[in-house]
Amino acid sequence: MNDLVQLGPTSATPARAPSPPSAAPSAARKVFVHTFGCQMNESDSDRMVELLGRHDYTRAGSAEEADLILLNTCAVRDKAEQKLLSALGRYRAVKSRRGTLIAVAGCVAQQEKERLLELVPYVDFVFGPDNLGRLPELLARATGRERFAATGWMDSEEYLFPRAEAGAARGRATAFVTAMKGCDNVCAFCIVPHTRGREVSRPVAEILAECASLAEVGVREVTLIGQNVNSYRGGASFAGLLRRVAAVPGIARVRFTTSHPHDLSDELLAVFRDEPKVMGHFHLPVQAGSDAVLARMRRGYTVAGYLARHDALAAARPGIAITTDFIVGFPGETEEDFEGSLALLRRARFENSFSFVFSPRAHTVAGRRLGSAEEWAEVPRAVATARLERLLAVQRAITAEGMRAELGREVEVLVEGTDQDGERRHGRTPENRLVHVAATEAEAPTGALVRVKVVRAGRASLGGELLGRAGEAS
């Protein structure tokens, strides 16, 4: 279904000569993409650049040289929206100087629709995630001085997943591959179902074909992505999909993100037990360590239930790195509830956690019920911030201990490129730990699997000495 809201040009919109919808932009135009948020947004940004490349656009190195500025947005937290408005303010000068078109895509676009056009009169057009494939058409309309918001949803049966162009990935070791989009869960804090829509799984054959084409240009690792990727139902179970992707010739590693604990099935545990190409890293968001808070969050599990799946995963793949998410200061959270989160963190000993203070979002249960009853009482910001700092301190200590435990070990690293200093190469272990390697490009080319001895442990990365290629004798 299309939901195209059209507004006339304003005085803030520079005059441009109209062009017919079928006309492609002139040659040598440039697009600059500013991406906020998750891996899905990163992937969507790449797909948009590739799509515009077929219409005579190339990627700009900076906004100052762009003919089109695309802001691909995230609406998970209020801070992300504030960052968007700040960025738009900076790009206004570019528009005034060059007549650059400015478009807002992604989740904030889907959430705010035409209201964003009213709030920021120098934005030319707004479009939601389901309209990504229509970008050339939308760009032609904007070039003709129309201002509009294209935020309608496509029917599940009609939705076409954007496919990565293999040629654009040439020279890279890793790539994202979209497996599904949307989410059918109704977590009380989450705006994703409102901004990304219902779950739609991509057909198995499309995913396998994309992985094969990426492998042909040298990609060695693919990461299957989706808002709730392990609920995949595109002609196979998610576990079945992982096994089939692992069997694609040339693919050496398979990862995925993000998951919901209630979809961590026994079949998926078996994949971690017996499929070595599926890497030993699992992002399993818990959000809170209190049953009362989890119930208000509508997460569908208890602390004990979560830990049971966590422990089963650790048993299936010894040494697996499990990461998580925490929300601190959820409405009604007591000191005892928060202590439960600290206890869970100490018990699970997560490799890392992405932790944030609760941010009320429009169109969510928590946003509507905040302050409506004692159990939904707002946690004072200062209290929530102090709790977050306490949780982060515990996590930092656990992470540091885990990194130090790698000292002296031999690890396998997939080389991804050269450090910014130009003196070292870097890549990741199966557990997704970043490793800087003292080696030249000839010794450790991009896409190579190498053996490295860990000799340094930092807060966020390891340092190592090259021992040789994986599979070679010492």
# chains A, B, ... in the order shown; residues from 1 in each chain; ligands from 1
$ residues_around --residues "range 258-266 of chain A" --least-positions-apart "2" --cutoff "7 Å" --atoms "only C-alpha atoms" --output "list in words"
Ile225, Gly226, Gln227, Asn228, Val229, Asn230, Ser231, Phe256, Leu268, Leu269, Ala270, His283, Leu284, Pro285 and Tyr306 of chain A
$ residues_around --residues "Ser213 in chain A" --least-positions-apart "5" --cutoff "12 Å" --atoms "only C-alpha atoms" --output "list in words"
Arg163, Ala164, Glu165, Ala166, Gly167, Ala168, Ala169, Arg170, Ala175, Val177, Glu206, Ile207, Leu208, Gly218, Val219, Arg220, Val222, Val248, Pro249, Gly250 and Ile251 of chain A
$ write_last_selection --atoms "N, CA and C atoms" --output "PDB file, in the first residue's frame"
ATOM      1  N   ARG A 163      18.711  -6.497  -2.948  1.00  0.00           N
ATOM      2  CA  ARG A 163      19.807  -7.469  -3.061  1.00  0.00           C
ATOM      3  C   ARG A 163      21.139  -6.740  -3.179  1.00  0.00           C
ATOM      4  N   ALA A 164      22.116  -7.233  -2.448  1.00  0.00           N
ATOM      5  CA  ALA A 164      23.453  -6.654  -2.520  1.00  0.00           C
ATOM      6  C   ALA A 164      24.062  -6.919  -3.889  1.00  0.00           C
ATOM      7  N   GLU A 165      24.748  -5.921  -4.421  1.00  0.00           N
ATOM      8  CA  GLU A 165      25.469  -6.106  -5.674  1.00  0.00           C
ATOM      9  C   GLU A 165      26.850  -6.654  -5.355  1.00  0.00           C
ATOM     10  N   ALA A 166      27.121  -7.824  -5.864  1.00  0.00           N
ATOM     11  CA  ALA A 166      28.378  -8.490  -5.520  1.00  0.00           C
ATOM     12  C   ALA A 166      29.589  -7.636  -5.879  1.00  0.00           C
ATOM     13  N   GLY A 167      29.523  -6.946  -7.013  1.00  0.00           N
ATOM     14  CA  GLY A 167      30.667  -6.149  -7.449  1.00  0.00           C
ATOM     15  C   GLY A 167      31.061  -5.088  -6.439  1.00  0.00           C
ATOM     16  N   ALA A 168      30.073  -4.554  -5.715  1.00  0.00           N
ATOM     17  CA  ALA A 168      30.364  -3.521  -4.720  1.00  0.00           C
ATOM     18  C   ALA A 168      31.106  -4.083  -3.523  1.00  0.00           C
ATOM     19  N   ALA A 169      31.028  -5.401  -3.324  1.00  0.00           N
ATOM     20  CA  ALA A 169      31.700  -6.038  -2.192  1.00  0.00           C
ATOM     21  C   ALA A 169      33.078  -6.578  -2.551  1.00  0.00           C
ATOM     22  N   ARG A 170      33.482  -6.436  -3.792  1.00  0.00           N
ATOM     23  CA  ARG A 170      34.793  -6.950  -4.208  1.00  0.00           C
ATOM     24  C   ARG A 170      35.892  -6.282  -3.382  1.00  0.00           C
ATOM     25  N   ALA A 175      30.388  -9.308   4.591  1.00  0.00           N
ATOM     26  CA  ALA A 175      29.233  -8.623   4.020  1.00  0.00           C
ATOM     27  C   ALA A 175      27.981  -8.973   4.812  1.00  0.00           C
ATOM     28  N   VAL A 177      23.969  -9.772   4.754  1.00  0.00           N
ATOM     29  CA  VAL A 177      22.940 -10.307   3.860  1.00  0.00           C
ATOM     30  C   VAL A 177      21.610 -10.276   4.620  1.00  0.00           C
ATOM     31  N   GLU A 206      16.794 -16.881  -2.546  1.00  0.00           N
ATOM     32  CA  GLU A 206      17.378 -15.546  -2.748  1.00  0.00           C
ATOM     33  C   GLU A 206      18.598 -15.349  -1.862  1.00  0.00           C
ATOM     34  N   ILE A 207      18.493 -15.785  -0.621  1.00  0.00           N
ATOM     35  CA  ILE A 207      19.610 -15.619   0.319  1.00  0.00           C
ATOM     36  C   ILE A 207      20.819 -16.417  -0.137  1.00  0.00           C
ATOM     37  N   LEU A 208      20.593 -17.659  -0.535  1.00  0.00           N
ATOM     38  CA  LEU A 208      21.697 -18.514  -0.971  1.00  0.00           C
ATOM     39  C   LEU A 208      22.349 -17.963  -2.242  1.00  0.00           C
ATOM     40  N   GLY A 218      35.058 -12.884  -3.524  1.00  0.00           N
ATOM     41  CA  GLY A 218      36.053 -12.945  -2.461  1.00  0.00           C
ATOM     42  C   GLY A 218      35.557 -12.753  -1.051  1.00  0.00           C
ATOM     43  N   VAL A 219      34.273 -12.513  -0.853  1.00  0.00           N
ATOM     44  CA  VAL A 219      33.743 -12.385   0.504  1.00  0.00           C
ATOM     45  C   VAL A 219      33.836 -13.740   1.191  1.00  0.00           C
ATOM     46  N   ARG A 220      34.394 -13.763   2.393  1.00  0.00           N
ATOM     47  CA  ARG A 220      34.574 -15.025   3.109  1.00  0.00           C
ATOM     48  C   ARG A 220      33.580 -15.206   4.258  1.00  0.00           C
ATOM     49  N   VAL A 222      29.695 -13.999   5.840  1.00  0.00           N
ATOM     50  CA  VAL A 222      28.429 -13.296   5.685  1.00  0.00           C
ATOM     51  C   VAL A 222      27.728 -13.243   7.039  1.00  0.00           C
ATOM     52  N   VAL A 248      27.557 -23.062   1.296  1.00  0.00           N
ATOM     53  CA  VAL A 248      27.840 -22.335   0.052  1.00  0.00           C
ATOM     54  C   VAL A 248      29.344 -22.340  -0.203  1.00  0.00           C
ATOM     55  N   PRO A 249      29.797 -22.806  -1.359  1.00  0.00           N
ATOM     56  CA  PRO A 249      31.240 -22.830  -1.644  1.00  0.00           C
ATOM     57  C   PRO A 249      31.862 -21.439  -1.518  1.00  0.00           C
ATOM     58  N   GLY A 250      32.990 -21.373  -0.828  1.00  0.00           N
ATOM     59  CA  GLY A 250      33.710 -20.117  -0.662  1.00  0.00           C
ATOM     60  C   GLY A 250      33.382 -19.382   0.620  1.00  0.00           C
ATOM     61  N   ILE A 251      32.239 -19.689   1.230  1.00  0.00           N
ATOM     62  CA  ILE A 251      31.890 -19.047   2.499  1.00  0.00           C
ATOM     63  C   ILE A 251      32.576 -19.811   3.632  1.00  0.00           C
TER      64      ILE A 251
END
$ select_by_dssp --residues "range 31-252 of chain A" --states "helix (DSSP H, G or I)" --output "number ranges by chain"
A: 39-53, 63-65, 78-98, 107-112, 114-119, 129-143, 166-169, 192-196, 204-216, 229-231, 238-246
$ write_last_selection --atoms "C-alpha atoms" --output "CSV table (one decimal), in the first residue's frame"
chain,number,residue,atom,x,y,z
A,39,GLN,CA,23.4,-3.2,11.0
A,40,MET,CA,20.1,-3.2,9.2
A,41,ASN,CA,20.5,0.5,8.5
A,42,GLU,CA,24.1,0.0,7.5
A,43,SER,CA,23.0,-2.6,5.0
A,44,ASP,CA,20.1,-0.5,3.7
A,45,SER,CA,22.5,2.4,3.2
A,46,ASP,CA,24.8,0.2,1.1
A,47,ARG,CA,21.8,-1.0,-1.0
A,48,MET,CA,20.7,2.6,-1.6
A,49,VAL,CA,24.1,3.6,-2.8
A,50,GLU,CA,24.2,0.6,-5.1
A,51,LEU,CA,20.8,1.4,-6.5
A,52,LEU,CA,21.6,5.0,-7.2
A,53,GLY,CA,24.8,3.8,-8.8
A,63,ALA,CA,28.6,16.0,2.4
A,64,GLU,CA,30.2,19.2,1.1
A,65,GLU,CA,30.6,17.7,-2.4
A,78,ASP,CA,15.5,9.7,21.7
A,79,LYS,CA,19.2,10.6,21.4
A,80,ALA,CA,19.3,9.2,17.9
A,81,GLU,CA,16.5,11.6,16.9
A,82,GLN,CA,18.4,14.5,18.4
A,83,LYS,CA,21.5,13.5,16.5
A,84,LEU,CA,19.4,13.6,13.3
A,85,LEU,CA,18.2,17.1,13.9
A,86,SER,CA,21.7,18.2,14.7
A,87,ALA,CA,23.1,16.7,11.5
A,88,LEU,CA,20.3,18.3,9.5
A,89,GLY,CA,21.3,21.7,10.9
A,90,ARG,CA,24.8,21.2,9.7
A,91,TYR,CA,23.7,20.1,6.2
A,92,ARG,CA,21.5,23.1,5.7
A,93,ALA,CA,24.5,25.2,4.8
A,94,VAL,CA,25.5,22.7,2.1
A,95,LYS,CA,22.0,22.9,0.6
A,96,SER,CA,22.1,26.7,0.6
A,97,ARG,CA,25.5,26.7,-1.2
A,98,ARG,CA,25.0,23.9,-3.7
A,107,CYS,CA,12.9,4.6,11.1
A,108,VAL,CA,12.5,8.2,12.1
A,109,ALA,CA,11.2,8.9,8.6
A,110,GLN,CA,8.6,6.1,9.1
A,111,GLN,CA,7.7,7.3,12.5
A,112,GLU,CA,7.4,11.1,11.8
A,114,GLU,CA,5.1,14.4,6.9
A,115,ARG,CA,5.6,15.9,10.3
A,116,LEU,CA,9.4,15.8,9.6
A,117,LEU,CA,8.8,17.9,6.5
A,118,GLU,CA,6.9,20.5,8.6
A,119,LEU,CA,9.5,20.5,11.3
A,129,PRO,CA,12.2,1.4,4.9
A,130,ASP,CA,9.6,-0.3,2.7
A,131,ASN,CA,10.2,2.3,0.0
A,132,LEU,CA,13.9,1.9,-0.3
A,133,GLY,CA,13.5,0.2,-3.7
A,134,ARG,CA,11.6,3.2,-5.0
A,135,LEU,CA,14.4,5.7,-4.4
A,136,PRO,CA,15.2,6.6,-8.0
A,137,GLU,CA,11.5,7.3,-8.6
A,138,LEU,CA,11.3,9.4,-5.4
A,139,LEU,CA,14.5,11.2,-6.3
A,140,ALA,CA,13.0,12.2,-9.7
A,141,ARG,CA,9.9,13.6,-8.0
A,142,ALA,CA,12.0,15.6,-5.6
A,143,THR,CA,14.1,16.9,-8.5
A,166,ALA,CA,28.4,-8.5,-5.5
A,167,GLY,CA,30.7,-6.1,-7.4
A,168,ALA,CA,30.4,-3.5,-4.7
A,169,ALA,CA,31.7,-6.0,-2.2
A,192,VAL,CA,10.6,-1.3,15.7
A,193,PRO,CA,7.2,-3.0,14.9
A,194,HIS,CA,5.8,0.5,14.2
A,195,THR,CA,8.8,1.7,12.1
A,196,ARG,CA,9.8,-1.6,10.4
A,204,VAL,CA,15.9,-19.2,1.0
A,205,ALA,CA,16.8,-19.3,-2.6
A,206,GLU,CA,17.4,-15.5,-2.7
A,207,ILE,CA,19.6,-15.6,0.3
A,208,LEU,CA,21.7,-18.5,-1.0
A,209,ALA,CA,22.1,-16.9,-4.4
A,210,GLU,CA,23.3,-13.6,-2.8
A,211,CYS,CA,25.8,-15.5,-0.6
A,212,ALA,CA,27.1,-17.4,-3.6
A,213,SER,CA,27.6,-14.2,-5.6
A,214,LEU,CA,29.4,-12.6,-2.7
A,215,ALA,CA,31.7,-15.6,-2.3
A,216,GLU,CA,32.5,-15.4,-6.0
A,229,VAL,CA,16.5,-12.9,12.6
A,230,ASN,CA,16.1,-16.2,14.5
A,231,SER,CA,12.4,-16.1,13.9
A,238,PHE,CA,16.5,-20.5,10.8
A,239,ALA,CA,18.8,-23.4,11.9
A,240,GLY,CA,18.2,-24.9,8.5
A,241,LEU,CA,19.1,-21.7,6.7
A,242,LEU,CA,22.3,-21.4,8.7
A,243,ARG,CA,23.4,-24.9,7.6
A,244,ARG,CA,22.6,-24.2,4.0
A,245,VAL,CA,24.5,-20.9,4.0
A,246,ALA,CA,27.5,-22.6,5.6
$ select_by_dssp --residues "range 218-356 of chain A" --states "strand (DSSP E)" --output "ChimeraX atom specification"
/A:221-225,253-257,281-283,321-328,352-356
$ closest_residue --among "A:Ala304, A:Ala288, A:Ala188, A:Ala460" --to "Arg369 in chain A" --atoms "only C-alpha atoms"
A:Ala188
$ residues_around --residues "Ser461 in chain A" --least-positions-apart "6" --cutoff "9 Å" --atoms "only C-alpha atoms" --output "ChimeraX atom specification"
/A:403,433-436
$ residues_around --residues "His281 in chain A" --least-positions-apart "2" --cutoff "10 Å" --atoms "only C-alpha atoms" --output "MDAnalysis selection string"
chainID A and resid 255:257 272 278:279 283:284 317 319:323 351 429:433
$ residues_around --residues "Glu423 in chain A" --least-positions-apart "3" --cutoff "10 Å" --atoms "only C-alpha atoms" --output "PyMOL selection string"
chain A and resi 418-420+436-441
$ atom_distance --atom1 "CA of Ala60 in chain A" --atom2 "CA of Arg29 in chain A"
8.7 Å
$ decode --residues "range 395-408 of chain A" --atoms "N, CA and C atoms" --output "short mmCIF file (atom, residue, chain, number, x, y, z; two decimals), in the first residue's frame"
data_model
loop_
_atom_site.label_atom_id
_atom_site.label_comp_id
_atom_site.auth_asym_id
_atom_site.auth_seq_id
_atom_site.Cartn_x
_atom_site.Cartn_y
_atom_site.Cartn_z
N GLN A 395 30.47 -4.51 33.92
CA GLN A 395 30.71 -5.08 32.59
C GLN A 395 32.14 -4.85 32.14
N ARG A 396 32.67 -3.66 32.37
CA ARG A 396 34.05 -3.38 31.96
C ARG A 396 35.04 -4.31 32.64
N ALA A 397 34.80 -4.61 33.91
CA ALA A 397 35.70 -5.51 34.64
C ALA A 397 35.63 -6.92 34.07
N ILE A 398 34.42 -7.38 33.76
CA ILE A 398 34.26 -8.73 33.19
C ILE A 398 34.90 -8.80 31.81
N THR A 399 34.66 -7.77 30.99
CA THR A 399 35.24 -7.75 29.64
C THR A 399 36.76 -7.75 29.70
N ALA A 400 37.33 -6.94 30.58
CA ALA A 400 38.79 -6.87 30.70
C ALA A 400 39.38 -8.21 31.12
N GLU A 401 38.71 -8.88 32.06
CA GLU A 401 39.19 -10.18 32.50
C GLU A 401 39.16 -11.18 31.35
N GLY A 402 38.09 -11.13 30.56
CA GLY A 402 38.00 -12.04 29.42
C GLY A 402 39.07 -11.77 28.38
N MET A 403 39.36 -10.49 28.14
CA MET A 403 40.40 -10.16 27.16
C MET A 403 41.77 -10.61 27.66
N ARG A 404 42.04 -10.42 28.94
CA ARG A 404 43.34 -10.87 29.49
C ARG A 404 43.50 -12.38 29.40
N ALA A 405 42.38 -13.09 29.48
CA ALA A 405 42.45 -14.55 29.40
C ALA A 405 42.91 -15.04 28.03
N GLU A 406 42.86 -14.16 27.02
CA GLU A 406 43.29 -14.55 25.67
C GLU A 406 44.81 -14.45 25.48
N LEU A 407 45.49 -13.81 26.42
CA LEU A 407 46.94 -13.64 26.29
C LEU A 407 47.63 -15.00 26.18
N GLY A 408 48.51 -15.09 25.21
CA GLY A 408 49.27 -16.32 25.00
C GLY A 408 48.57 -17.35 24.14
#
